[in-house]
$ cat target-v6.txt   # compact mmCIF, C-alpha atoms
# COMPACT_ATOMS: atom_id res chain seq x y z
CA MET B 1 -37.37 -9.56 16.66
CA GLN B 2 -33.95 -11.05 15.94
CA LEU B 3 -31.38 -10.06 13.35
CA HIS B 4 -31.33 -13.44 11.63
CA GLN B 5 -35.12 -13.32 11.26
CA LEU B 6 -34.83 -10.01 9.39
CA GLN B 7 -32.08 -11.54 7.24
CA TYR B 8 -34.34 -14.48 6.35
CA PHE B 9 -37.27 -12.16 5.66
CA ALA B 10 -35.18 -9.96 3.34
CA ALA B 11 -33.86 -13.02 1.49
CA VAL B 12 -37.41 -14.28 0.81
CA ALA B 13 -38.56 -10.80 -0.20
CA GLU B 14 -35.69 -10.47 -2.68
CA THR B 15 -35.86 -13.99 -4.16
CA ARG B 16 -39.67 -14.40 -3.94
CA HIS B 17 -38.94 -18.05 -3.10
CA PHE B 18 -38.49 -19.82 0.25
CA THR B 19 -36.18 -22.56 -1.01
CA ARG B 20 -33.88 -20.18 -2.90
CA ALA B 21 -33.85 -17.81 0.10
CA ALA B 22 -32.86 -20.67 2.39
CA ALA B 23 -29.97 -21.54 0.06
CA ARG B 24 -28.86 -17.92 0.01
CA VAL B 25 -28.64 -17.67 3.81
CA HIS B 26 -27.33 -21.24 4.22
CA VAL B 27 -30.12 -22.71 6.36
CA ALA B 28 -32.61 -25.49 5.81
CA GLN B 29 -35.87 -24.36 4.24
CA PRO B 30 -38.09 -25.61 7.14
CA SER B 31 -35.94 -23.64 9.63
CA LEU B 32 -36.26 -20.49 7.52
CA SER B 33 -40.04 -20.89 7.23
CA GLN B 34 -40.30 -21.45 10.98
CA GLN B 35 -38.38 -18.26 11.74
CA ILE B 36 -40.49 -16.23 9.29
CA ARG B 37 -43.65 -17.52 11.03
CA ALA B 38 -42.17 -16.58 14.43
CA LEU B 39 -41.45 -13.06 13.15
CA GLU B 40 -45.01 -12.74 11.81
CA ARG B 41 -46.44 -13.82 15.15
CA GLU B 42 -44.30 -11.27 16.99
CA LEU B 43 -45.34 -8.48 14.61
CA GLY B 44 -48.96 -9.56 14.54
CA ALA B 45 -49.20 -9.51 10.74
CA GLU B 46 -48.49 -11.79 7.80
CA LEU B 47 -45.56 -10.61 5.71
CA PHE B 48 -46.09 -12.73 2.58
CA HIS B 49 -48.96 -13.91 0.40
CA ARG B 50 -48.13 -17.60 0.01
CA ALA B 51 -49.59 -18.88 -3.23
CA ARG B 52 -48.17 -22.05 -4.77
CA GLY B 53 -45.17 -20.99 -6.80
CA HIS B 54 -45.92 -17.33 -6.24
CA ILE B 55 -44.68 -15.41 -3.17
CA THR B 56 -45.48 -11.71 -2.82
CA LEU B 57 -45.21 -9.19 0.00
CA THR B 58 -48.26 -8.12 1.94
CA ASP B 59 -48.71 -4.46 2.83
CA ALA B 60 -47.05 -5.21 6.17
CA GLY B 61 -44.17 -6.87 4.35
CA GLU B 62 -43.78 -3.89 2.01
CA ALA B 63 -43.58 -1.61 5.05
CA LEU B 64 -41.04 -3.81 6.82
CA LEU B 65 -38.67 -4.46 3.90
CA PRO B 66 -36.87 -1.07 3.71
CA LEU B 67 -36.60 -0.97 7.50
CA ALA B 68 -35.16 -4.50 7.58
CA GLN B 69 -32.68 -3.68 4.82
CA ARG B 70 -31.54 -0.58 6.71
CA ILE B 71 -31.14 -2.53 9.96
CA LEU B 72 -29.15 -5.25 8.20
CA ALA B 73 -26.95 -2.66 6.47
CA ASP B 74 -26.30 -0.92 9.80
CA ALA B 75 -25.44 -4.27 11.40
CA GLU B 76 -22.96 -5.03 8.60
CA THR B 77 -21.41 -1.58 9.01
CA ALA B 78 -21.07 -2.17 12.74
CA ARG B 79 -19.45 -5.55 12.12
CA ARG B 80 -16.93 -4.03 9.70
CA GLU B 81 -16.13 -1.15 12.05
CA VAL B 82 -15.48 -3.52 14.95
CA GLN B 83 -13.28 -5.68 12.74
CA GLU B 84 -11.38 -2.59 11.62
CA VAL B 85 -10.69 -1.69 15.26
CA ALA B 86 -9.68 -5.27 15.99
CA GLN B 87 -7.24 -5.17 13.08
CA LEU B 88 -5.24 -2.54 14.93
CA ARG B 89 -4.78 -4.91 17.88
CA ARG B 90 -3.83 -7.84 15.71
CA GLY B 91 -3.53 -8.51 12.01
CA ARG B 92 -1.02 -7.95 9.24
CA VAL B 93 0.19 -5.27 6.86
CA ARG B 94 2.00 -6.25 3.67
CA ILE B 95 4.21 -3.43 2.41
CA GLY B 96 6.57 -3.39 -0.52
CA ALA B 97 9.55 -1.07 -0.90
CA THR B 98 12.60 -0.67 -3.07
CA PRO B 99 15.93 -1.84 -1.59
CA SER B 100 17.20 1.72 -1.19
CA LEU B 101 14.09 2.69 0.80
CA CYS B 102 14.40 -0.46 2.91
CA ALA B 103 17.93 0.73 3.72
CA SER B 104 16.88 4.29 4.64
CA LEU B 105 13.28 5.36 5.22
CA VAL B 106 11.38 2.13 5.91
CA PRO B 107 13.05 0.98 9.18
CA ASP B 108 12.24 4.21 11.02
CA VAL B 109 8.65 4.24 9.75
CA LEU B 110 8.06 0.61 10.73
CA ARG B 111 9.52 1.30 14.17
CA ASP B 112 7.07 4.19 14.67
CA PHE B 113 4.16 2.03 13.48
CA HIS B 114 5.17 -0.94 15.65
CA ASP B 115 5.39 1.32 18.72
CA ARG B 116 1.75 2.34 18.16
CA PHE B 117 0.34 -1.01 17.01
CA PRO B 118 2.55 -3.79 18.42
CA GLY B 119 -0.02 -6.49 17.68
CA VAL B 120 0.04 -5.94 13.91
CA ASP B 121 2.48 -8.14 12.00
CA LEU B 122 4.57 -6.38 9.36
CA VAL B 123 5.49 -8.22 6.17
CA VAL B 124 8.03 -6.46 3.92
CA HIS B 125 8.54 -7.30 0.25
CA GLU B 126 11.77 -5.80 -1.10
CA ASP B 127 12.05 -5.39 -4.87
CA GLY B 128 12.42 -2.93 -7.72
CA SER B 129 9.53 -0.60 -8.53
CA GLN B 130 8.40 -2.49 -11.64
CA ASP B 131 8.21 -5.78 -9.75
CA LEU B 132 6.46 -4.09 -6.81
CA VAL B 133 3.84 -2.66 -9.17
CA ARG B 134 3.15 -6.13 -10.54
CA VAL B 135 2.89 -7.73 -7.08
CA LEU B 136 0.70 -4.90 -5.78
CA ALA B 137 -1.65 -5.13 -8.78
CA ALA B 138 -1.97 -8.88 -8.16
CA GLY B 139 -3.28 -8.18 -4.65
CA GLU B 140 -0.25 -9.61 -2.85
CA LEU B 141 0.59 -6.31 -1.12
CA ASP B 142 -1.49 -3.70 0.71
CA LEU B 143 0.85 -0.76 0.00
CA ALA B 144 4.08 -0.19 -1.89
CA LEU B 145 6.70 2.54 -1.78
CA ILE B 146 7.80 2.97 -5.36
CA ILE B 147 9.65 5.34 -7.64
CA THR B 148 7.43 7.28 -10.02
CA PRO B 149 6.31 7.74 -12.70
CA LEU B 150 4.42 4.46 -12.68
CA PRO B 151 5.10 2.18 -15.62
CA GLY B 152 2.46 2.14 -18.35
CA GLN B 153 1.16 -1.29 -17.30
CA ALA B 154 -0.11 -0.03 -13.93
CA PRO B 155 -3.48 1.66 -14.66
CA ALA B 156 -5.14 -0.15 -11.73
CA LEU B 157 -2.94 1.57 -9.16
CA ALA B 158 -3.23 4.93 -7.41
CA ALA B 159 -0.01 6.61 -6.29
CA THR B 160 0.47 9.60 -4.00
CA GLU B 161 3.82 11.36 -4.31
CA LEU B 162 5.51 11.87 -0.96
CA LEU B 163 8.91 13.38 -1.50
CA ARG B 164 11.54 14.25 -4.02
CA GLU B 165 15.07 13.09 -3.29
CA ASP B 166 18.41 14.03 -4.76
CA LEU B 167 20.77 11.36 -6.01
CA VAL B 168 24.40 11.81 -5.03
CA VAL B 169 27.77 10.23 -5.81
CA VAL B 170 29.52 8.23 -3.10
CA SER B 171 33.16 7.22 -3.01
CA ALA B 172 35.56 5.63 -0.52
CA PRO B 173 36.18 7.75 2.60
CA SER B 174 39.85 8.00 1.65
CA SER B 175 39.14 9.37 -1.83
CA ALA B 176 39.92 12.96 -2.73
CA PRO B 177 36.93 15.34 -2.65
CA ALA B 178 35.74 16.97 -5.86
CA ARG B 179 37.49 20.27 -6.52
CA SER B 180 34.31 22.32 -6.57
CA GLY B 181 32.53 20.25 -3.95
CA ARG B 182 30.09 19.15 -6.64
CA ILE B 183 30.23 16.78 -9.60
CA ARG B 184 28.66 16.88 -13.05
CA ILE B 185 27.24 13.90 -14.91
CA GLU B 186 29.97 14.45 -17.53
CA ASP B 187 32.62 13.97 -14.83
CA LEU B 188 31.58 10.32 -14.53
CA ARG B 189 32.91 9.59 -18.03
CA ASP B 190 35.71 6.99 -17.78
CA GLN B 191 35.35 6.89 -13.97
CA PRO B 192 35.23 3.35 -12.52
CA MET B 193 31.71 2.75 -11.21
CA VAL B 194 30.03 0.14 -9.06
CA MET B 195 26.64 -0.72 -10.51
CA PHE B 196 23.50 -2.35 -9.18
CA ARG B 197 21.94 -5.47 -10.69
CA ARG B 198 19.59 -5.25 -13.63
CA GLY B 199 16.04 -4.30 -12.65
CA TYR B 200 17.25 -1.85 -10.01
CA ASP B 201 15.69 1.60 -10.42
CA LEU B 202 19.01 3.26 -9.60
CA ARG B 203 20.76 1.38 -12.40
CA GLU B 204 18.24 2.75 -14.90
CA PHE B 205 18.57 6.28 -13.51
CA THR B 206 22.36 6.24 -13.71
CA THR B 207 22.77 4.66 -17.13
CA SER B 208 20.06 6.86 -18.65
CA ALA B 209 21.66 10.03 -17.26
CA CYS B 210 25.10 9.04 -18.55
CA ARG B 211 23.78 8.18 -22.01
CA ALA B 212 21.90 11.48 -22.14
CA ALA B 213 25.28 13.14 -21.53
CA GLY B 214 26.76 11.21 -24.44
CA PHE B 215 28.62 8.27 -22.90
CA ASP B 216 28.15 4.80 -21.40
CA PRO B 217 29.32 4.36 -17.81
CA VAL B 218 32.30 2.10 -17.10
CA PHE B 219 31.52 -0.67 -14.58
CA THR B 220 34.25 -2.23 -12.49
CA VAL B 221 31.72 -4.29 -10.52
CA GLU B 222 28.04 -4.81 -11.31
CA GLY B 223 25.16 -6.95 -10.12
CA GLY B 224 25.05 -6.04 -6.44
CA GLU B 225 22.26 -5.16 -4.03
CA MET B 226 22.46 -1.97 -1.95
CA ASP B 227 24.59 -3.33 0.90
CA ALA B 228 26.99 -4.98 -1.54
CA VAL B 229 27.34 -1.83 -3.65
CA LEU B 230 28.14 0.26 -0.56
CA GLY B 231 30.72 -2.32 0.47
CA PHE B 232 32.36 -2.30 -2.96
CA VAL B 233 32.55 1.51 -2.89
CA ARG B 234 33.99 1.42 0.64
CA ALA B 235 36.67 -0.98 -0.63
CA GLY B 236 37.68 1.57 -3.27
CA LEU B 237 36.39 -0.34 -6.30
CA GLY B 238 34.62 2.66 -7.79
CA LEU B 239 31.97 5.34 -7.47
CA ALA B 240 28.22 4.79 -7.16
CA VAL B 241 25.13 6.95 -7.59
CA ILE B 242 22.74 6.43 -4.67
CA PRO B 243 19.89 8.29 -2.91
CA SER B 244 20.84 11.01 -0.44
CA MET B 245 18.96 9.31 2.44
CA VAL B 246 21.07 6.18 2.00
CA ALA B 247 24.25 8.21 1.53
CA ALA B 248 23.67 10.05 4.82
CA ARG B 249 23.94 6.73 6.70
CA SER B 250 26.68 5.12 4.61
CA GLY B 251 29.85 6.57 6.13
CA LEU B 252 31.16 7.18 2.59
CA ARG B 253 32.35 10.41 1.02
CA VAL B 254 29.27 12.11 -0.45
CA THR B 255 29.44 14.46 -3.42
CA PRO B 256 26.25 16.18 -4.66
CA PHE B 257 25.62 16.75 -8.34
CA ALA B 258 25.94 20.22 -9.77
CA PRO B 259 22.61 21.78 -10.81
CA PRO B 260 20.25 20.66 -12.18
CA GLY B 261 21.36 17.39 -10.58
CA LEU B 262 19.63 14.02 -10.54
CA HIS B 263 16.43 13.38 -8.60
CA ARG B 264 13.87 10.69 -8.01
CA THR B 265 10.29 10.92 -6.74
CA ILE B 266 9.02 8.50 -4.10
CA ALA B 267 5.32 7.63 -3.88
CA VAL B 268 3.08 5.33 -1.87
CA ALA B 269 0.78 3.22 -4.06
CA HIS B 270 -2.25 1.00 -3.60
CA ARG B 271 -4.87 -0.62 -5.81
CA LYS B 272 -7.62 1.71 -7.01
CA ASP B 273 -10.35 -0.90 -6.79
CA VAL B 274 -9.69 -2.01 -3.20
CA GLU B 275 -9.46 0.27 -0.19
CA PRO B 276 -6.41 -0.73 1.88
CA PRO B 277 -7.31 -2.34 5.21
CA ARG B 278 -7.44 -0.16 8.31
CA ALA B 279 -4.00 -1.20 9.53
CA ALA B 280 -2.47 -0.37 6.12
CA ARG B 281 -4.16 3.04 6.13
CA GLU B 282 -2.71 3.69 9.58
CA LEU B 283 0.74 2.72 8.32
CA ARG B 284 0.34 5.17 5.46
CA SER B 285 -0.57 7.90 7.97
CA VAL B 286 2.45 7.07 10.13
CA LEU B 287 4.65 7.32 7.04
CA ARG B 288 3.37 10.80 6.23
CA GLU B 289 3.66 11.94 9.84
CA HIS B 290 7.24 10.67 9.96
CA LEU B 291 8.19 12.59 6.83
CA ARG B 292 6.51 15.81 7.98
CA SER B 293 8.19 15.56 11.39
CA ALA B 294 11.57 14.87 9.82
CA ALA B 295 11.16 17.86 7.52
CA ARG B 296 10.23 20.17 10.41
CA GLU B 297 13.12 18.95 12.52
CA GLN B 298 15.47 18.96 9.52
CA THR B 299 16.54 15.38 10.17
CA LEU B 300 16.10 14.44 6.52
CA PRO B 301 19.10 15.15 4.27
CA SER B 302 18.93 18.70 2.98
CA SER B 303 18.40 17.39 -0.55
CA THR B 304 15.08 15.76 0.38
CA TRP B 305 11.83 17.71 0.50
CA LEU B 306 8.15 16.88 0.79
CA LEU B 307 5.84 17.28 -2.17
CA ASP B 308 2.53 16.90 -0.29
CA GLY B 309 3.23 19.20 2.64
$ encode --input "target-v6.txt" --output "C-alpha cells"
Amino acid sequence: MQLHQLQYFAAVAETRHFTRAAARVHVAQPSLSQQIRALERELGAELFHRARGHITLTDAGEALLPLAQRILADAETARREVQEVAQLRRGRVRIGATPSLCASLVPDVLRDFHDRFPGVDLVVHEDGSQDLVRVLAAGELDLALIITPLPGQAPALAATELLREDLVVVSAPSSAPARSGRIRIEDLRDQPMVMFRRGYDLREFTTSACRAAGFDPVFTVEGGEMDAVLGFVRAGLGLAVIPSMVAARSGLRVTPFAPPGLHRTIAVAHRKDVEPPRAARELRSVLREHLRSAAREQTLPSSTWLLDG
C-alpha cells in the first residue's frame, strides 16, 4: 500500500468521480484507475461500486476511507514538521522595526538569532509604525516591532506588548545640565529643537506632548532620520526627544523628564490569520529572551522595564 494510492482513493471517494479525482491530484485518469485497481488487489476487496455515472463506496471502501484520511493527514503533518525544522537551517525572516529600534534593540537581537540560526537570512524593513502596520497586514513581513496602541486600521493584526520605555531629552555634550537634573515638558517652550521627519512616531509624541502643555515646539532643523537627528544635536543645533535605549548609546548629554514623564510602549505584531513561520517564531522567542536577560542583568537603561515578565 503506497501513500499516493491512498491519496487517489480518497480523491475518488470525495468526488465520486474518477475523472474529477484525477484532475484534483494532477494525474491522468487511466493512471489513477490503474493505481486504484492495484490497491484493491493488494487489499483483496473492491473499494468502489462502479456504475456508469455513479460511483459509490463498498463496505470495504467505507471502512478504509477514515483510515486513509488519517494517514494522509499524518503524512501532511510530518511533511510540515520536517519543513519547519529545515527552515531553521535555511530560509528567511522578514522583520520590520521603527528606526529608533533599529538603532538600539534590533542589532543585538539579530546578532543573538544569527548566532543560533546562521543559515536563516534576515530581511529588515525600517519604517514608522503606521507604515509597518500596513506592510505587515499586506503579508510583506512576518513580524514587526511597532509602537502601540495600534492604529484603528489594523484589526487584522495581533500585538504583544514587550516593554515600556521612557523618552528623554538629549543635548550636545558641551551643554549645561538641567539645574534639577530633570526637565519638564514646559521647559521645552522656546527651546531650539531638532525634529524628525513627518511620519516618525517620535515626532508625533513630541509635538503632541508640547501642544498638550500649551505650546508648539520651535524647530531649528527638521526632517531627519535618527542618525541625522543625533548628529544635529551633537553639533549643537538644538535639543531632541528620543528613546532612552538610543540615548544610552548616543554619547550625548541625557536629561530625563520629571514625573510623570513621557513613555512609549513597544510591541511585536503579526497577522492574526496567519501563524508566523517557524523561523519567525524563533526570532520572537530570541527577542523575549534577550529582553528578559537584559532586565535581569540590568543592561537595559533604568527607564526601560518589561511588561510581559
$ closest_residue --input "target-v6.txt" --among "B:Ile266, B:Ala38, B:Val229, B:Ile71" --to "Ile146 (chain B)" --atoms "only C-alpha atoms"
B:Ile266
$ closest_residue --input "target-v6.txt" --among "B:Leu6, B:Leu122, B:Leu72, B:Val241" --to "Glu204 (chain B)" --atoms "all atoms listed in the file"
B:Val241
$ residues_around --input "target-v6.txt" --residues "region 270-276 of chain B" --least-positions-apart "6" --cutoff "10 Å" --atoms "all atoms listed in the file" --output "list in words"
Val93, Ile95, Val133, Leu136, Ala137, Ala138, Gly139, Leu141, Asp142, Leu143, Ala144, Leu145, Ala154, Pro155, Ala156, Leu157, Ala158, Ala159, Thr160, Glu282 and Arg284 of chain B
$ residues_around --input "target-v6.txt" --residues "region 232-236 of chain B" --least-positions-apart "6" --cutoff "8 Å" --atoms "all atoms listed in the file" --output "list in words"
Val170, Ser171, Ala172, Pro173, Val194, Val221 and Leu252 of chain B
$ atom_distance --input "target-v6.txt" --atom1 "CA of Ile36 (chain B)" --atom2 "CA of Gln2 (chain B)"
10.7 Å
